[in-house]
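Reading through the structure tokens given below for one structure.
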Amino acid sequence: MASPPRPHPLARAKPAIWADRAVQALWDGGVTAKPPLEPEFLWSIGSRGFDSEDEHAGRSEAEVEDFRTRLDRLCTSLRAEAKLSALGHTMAYGQLTSAIRKRHALGRIWRESPELATTEIAPPILIVGQMRTGTTRIHRLIAADPRHTGTRFCNSHYPVPAKPDLRPLKAGAALAIARRINPWLDTLHPFGATRIDEEIGWLAAALSPATFEAQWHIPEFVRWSEARDPGPVYAEFARILRTDAATMGDEALPRAIKCPQFSEDLPALLAQFPEARVVVTHRDSQAVLDSSVSLIASQMAFQSGQADLATIQAEWGRKLALREKRIEQALSEFEGHVARVEFDALGADWRREIIRIYAALEIEQFPAALAEIEREYERSNTGAHREHRSQIARFAEA
């Protein structure tokens, strides 16, 4: 289904406006109380039904403290800076209580089956680069190689394994709701409940800023997090990855993993996986900024009553410069295999670029693998996300 016209980066769809008004009306009428974004309250909701030991299982005390501190700082920033709409407030409440719930559910699994968190896995292939530089495309192309594997969208956002595995159904339902609220969602990123996707859900479960700064204006939390050691976040990330590999039965296959946040935290990620191979994506900086601002604005528009395009542009100009600097600093000290790929070169001749990347990473060329990669390329080449460039061009003309 084609998306409706998007006249402005901060445009809101009617379902988002109606949902916001409905939530506010429920609060104003006393039908339901507005949930406070206070750590203690959120913890009481998210930890309900779990043992207190579940917070600690598999984790060091420093890692336990890191999550608690992150929650406190994030809540402070949300209350003081975010200027959330009623819908945005509700979404923040849901996401934070969900992160606390996942934290405990994972801890319970590791308390009962500690070996899952230490599963031996093949060294992963890290897709590192700014958002909007082709990371998703190269990620899915490499993961399509049957000698590799990747993380399903549903596993990223629902990292707690269970039998029967209902995560595809949950993710499908969540995406259906998200598409109603934001009908331009698939033009920004090609989603699918079981498609290979980035592990941003695992970072969110550890309260990395990755998913939150793309939705809310929380500069104090972002600056604090940028200056803080992300080691505890990536220790949790590694445990989730090892658990996911064990439960999916693909621990022997190199997993292609990807998230733009990696570019900011690469040393901490490489500390967990020192034998990883790295693919770095590049694109014209102005094109990256324009596309990033469009994506962020689309998410903030319906979650904040005072989203401001100039503020978003300034923040993400700063953010992208920081990430670019950190990528190069980290790679200057990395002695492993690194391949670099340009966005335009990948678009012009994907086959040539894959062959070149494989050579740089010392991955054996395999005709049958190339056929599978081609199938993924053809699939991705017809997605709704191809409309995004046209949206950005119209914004520039307005």
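All residue names refer to the structure tokens as shown: chains lettered A, B, ... in order, residues numbered from 1 in each chain, ligands numbered from 1 in order.
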For the contact check between segment 76-152 of chain A and segment 352-375 of chain A, emit one row per residue of segment 76-152 of chain A within 7 Å, containing the shortest atom pair and the distance in Å rounded to one decimal, counting only C-alpha atoms, chain then rising number order, as JSON lines.
```
{"residue": "A:Leu141", "atom": "CA", "partner": "A:Ile373", "partner_atom": "CA", "distance": 5.3}
{"residue": "A:Ala144", "atom": "CA", "partner": "A:Ile373", "partner_atom": "CA", "distance": 5.3}
{"residue": "A:Asp145", "atom": "CA", "partner": "A:Ala369", "partner_atom": "CA", "distance": 4.9}
{"residue": "A:Pro146", "atom": "CA", "partner": "A:Ala369", "partner_atom": "CA", "distance": 6.2}
```
Selection above as a file: all heavy atoms, as a compact mmCIF listing (two decimals), in the first residue's frame:
```txt
# COMPACT_ATOMS: atom_id res chain seq x y z
N LEU A 141 22.38 -8.16 2.75
CA LEU A 141 23.06 -8.89 1.68
C LEU A 141 24.04 -9.91 2.26
O LEU A 141 24.07 -11.07 1.83
CB LEU A 141 23.79 -7.91 0.75
CG LEU A 141 22.92 -6.98 -0.10
CD1 LEU A 141 23.80 -6.07 -0.94
CD2 LEU A 141 21.96 -7.77 -0.99
N ALA A 144 22.28 -12.78 3.93
CA ALA A 144 21.61 -13.69 2.99
C ALA A 144 22.50 -14.83 2.55
O ALA A 144 22.00 -15.86 2.08
CB ALA A 144 21.13 -12.90 1.77
N ASP A 145 23.79 -14.67 2.67
CA ASP A 145 24.73 -15.75 2.37
C ASP A 145 24.42 -16.91 3.31
O ASP A 145 24.44 -16.74 4.54
CB ASP A 145 26.17 -15.25 2.60
CG ASP A 145 27.24 -16.24 2.19
OD1 ASP A 145 27.01 -17.46 2.32
OD2 ASP A 145 28.32 -15.80 1.78
N PRO A 146 24.09 -18.10 2.80
CA PRO A 146 23.71 -19.21 3.68
C PRO A 146 24.81 -19.67 4.63
O PRO A 146 24.53 -20.41 5.57
CB PRO A 146 23.32 -20.33 2.70
CG PRO A 146 23.97 -19.96 1.41
CD PRO A 146 24.01 -18.46 1.37
```
Contact residues around segment 187-199 of chain A with only C-alpha atoms at 6 Å, ignoring same-chain residues under 3 positions, as a compact mmCIF listing (two decimals) with N, CA, C and O atoms, in the first residue's frame:
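To be explicit, this is the file written out as result.txt:
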```txt
# COMPACT_ATOMS: atom_id res chain seq x y z
N GLY A 150 21.70 -13.95 10.54
CA GLY A 150 21.36 -12.61 10.99
C GLY A 150 20.27 -12.70 12.05
O GLY A 150 19.75 -13.78 12.34
N THR A 151 19.90 -11.57 12.62
CA THR A 151 18.91 -11.51 13.69
C THR A 151 17.56 -11.08 13.12
O THR A 151 17.46 -10.07 12.42
N ARG A 152 16.53 -11.84 13.41
CA ARG A 152 15.19 -11.45 12.97
C ARG A 152 14.73 -10.20 13.73
O ARG A 152 15.08 -10.01 14.90
N PHE A 153 13.94 -9.38 13.08
CA PHE A 153 13.37 -8.19 13.73
C PHE A 153 12.68 -8.58 15.03
O PHE A 153 12.86 -7.93 16.07
N CYS A 154 11.90 -9.65 15.00
CA CYS A 154 11.14 -10.04 16.19
C CYS A 154 12.07 -10.47 17.33
O CYS A 154 11.77 -10.24 18.50
N SER A 156 15.07 -9.23 17.83
CA SER A 156 15.70 -8.02 18.34
C SER A 156 14.80 -7.31 19.34
O SER A 156 15.24 -6.90 20.42
N PRO A 168 7.21 -13.73 16.25
CA PRO A 168 6.81 -13.17 14.95
C PRO A 168 5.40 -12.56 14.97
O PRO A 168 5.16 -11.53 14.35
N ALA A 171 5.57 -9.24 16.96
CA ALA A 171 6.24 -8.20 16.18
C ALA A 171 5.35 -7.75 15.02
O ALA A 171 5.29 -6.55 14.70
N GLY A 172 4.66 -8.68 14.40
CA GLY A 172 3.75 -8.32 13.31
C GLY A 172 2.64 -7.39 13.79
O GLY A 172 2.30 -6.41 13.11
N TRP A 184 4.41 6.53 7.22
CA TRP A 184 5.62 6.67 6.41
C TRP A 184 6.74 5.77 6.92
O TRP A 184 7.87 5.84 6.46
N TRP A 202 18.10 -4.94 21.36
CA TRP A 202 18.96 -5.43 22.43
C TRP A 202 19.66 -4.28 23.14
O TRP A 202 19.85 -4.31 24.36
N LYS A 258 24.33 -5.33 13.10
CA LYS A 258 24.39 -3.96 12.63
C LYS A 258 23.53 -3.03 13.48
O LYS A 258 22.41 -3.39 13.87
N CYS A 259 24.06 -1.88 13.79
CA CYS A 259 23.29 -0.79 14.39
C CYS A 259 24.13 0.47 14.28
O CYS A 259 25.33 0.43 14.59
N ALA A 384 9.28 -0.04 -0.20
CA ALA A 384 8.70 1.31 -0.08
C ALA A 384 9.73 2.35 0.31
O ALA A 384 9.54 3.55 0.11
N HIS A 385 10.86 1.90 0.89
CA HIS A 385 11.88 2.84 1.35
C HIS A 385 12.48 3.65 0.20
O HIS A 385 13.10 4.70 0.43
N GLU A 387 10.94 5.44 -1.70
CA GLU A 387 10.21 6.72 -1.77
C GLU A 387 10.87 7.82 -0.94
O GLU A 387 10.56 8.99 -1.12
N HIS A 388 11.77 7.43 -0.04
CA HIS A 388 12.29 8.41 0.91
C HIS A 388 13.06 9.54 0.22
O HIS A 388 12.97 10.70 0.61
```
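In this comparison, which uses only C-alpha atoms, the residue of A:His217, A:Gln95, A:Leu87, A:Asp244 approaching Ile109 of chain A most closely is A:Asp244.
For the pair atom CA of Pro159 of chain A and atom CA of Arg323 of chain A, the interatomic distance is 26.5 Å.
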Checklist entry - Near Trp316 of chain A, counting only C-alpha atoms, which residues have an atom at most 7 Å away, once you skip same-chain residues fewer than 3 positions from it, shown as a ChimeraX atom specification? => result /A:289,293,312-313,319-320
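Minimum distance to Asp186 of chain A across A:Glu40, A:Ser3, A:Ala174, A:Gly29 (counting only C-alpha atoms) occurs at A:Ser3.
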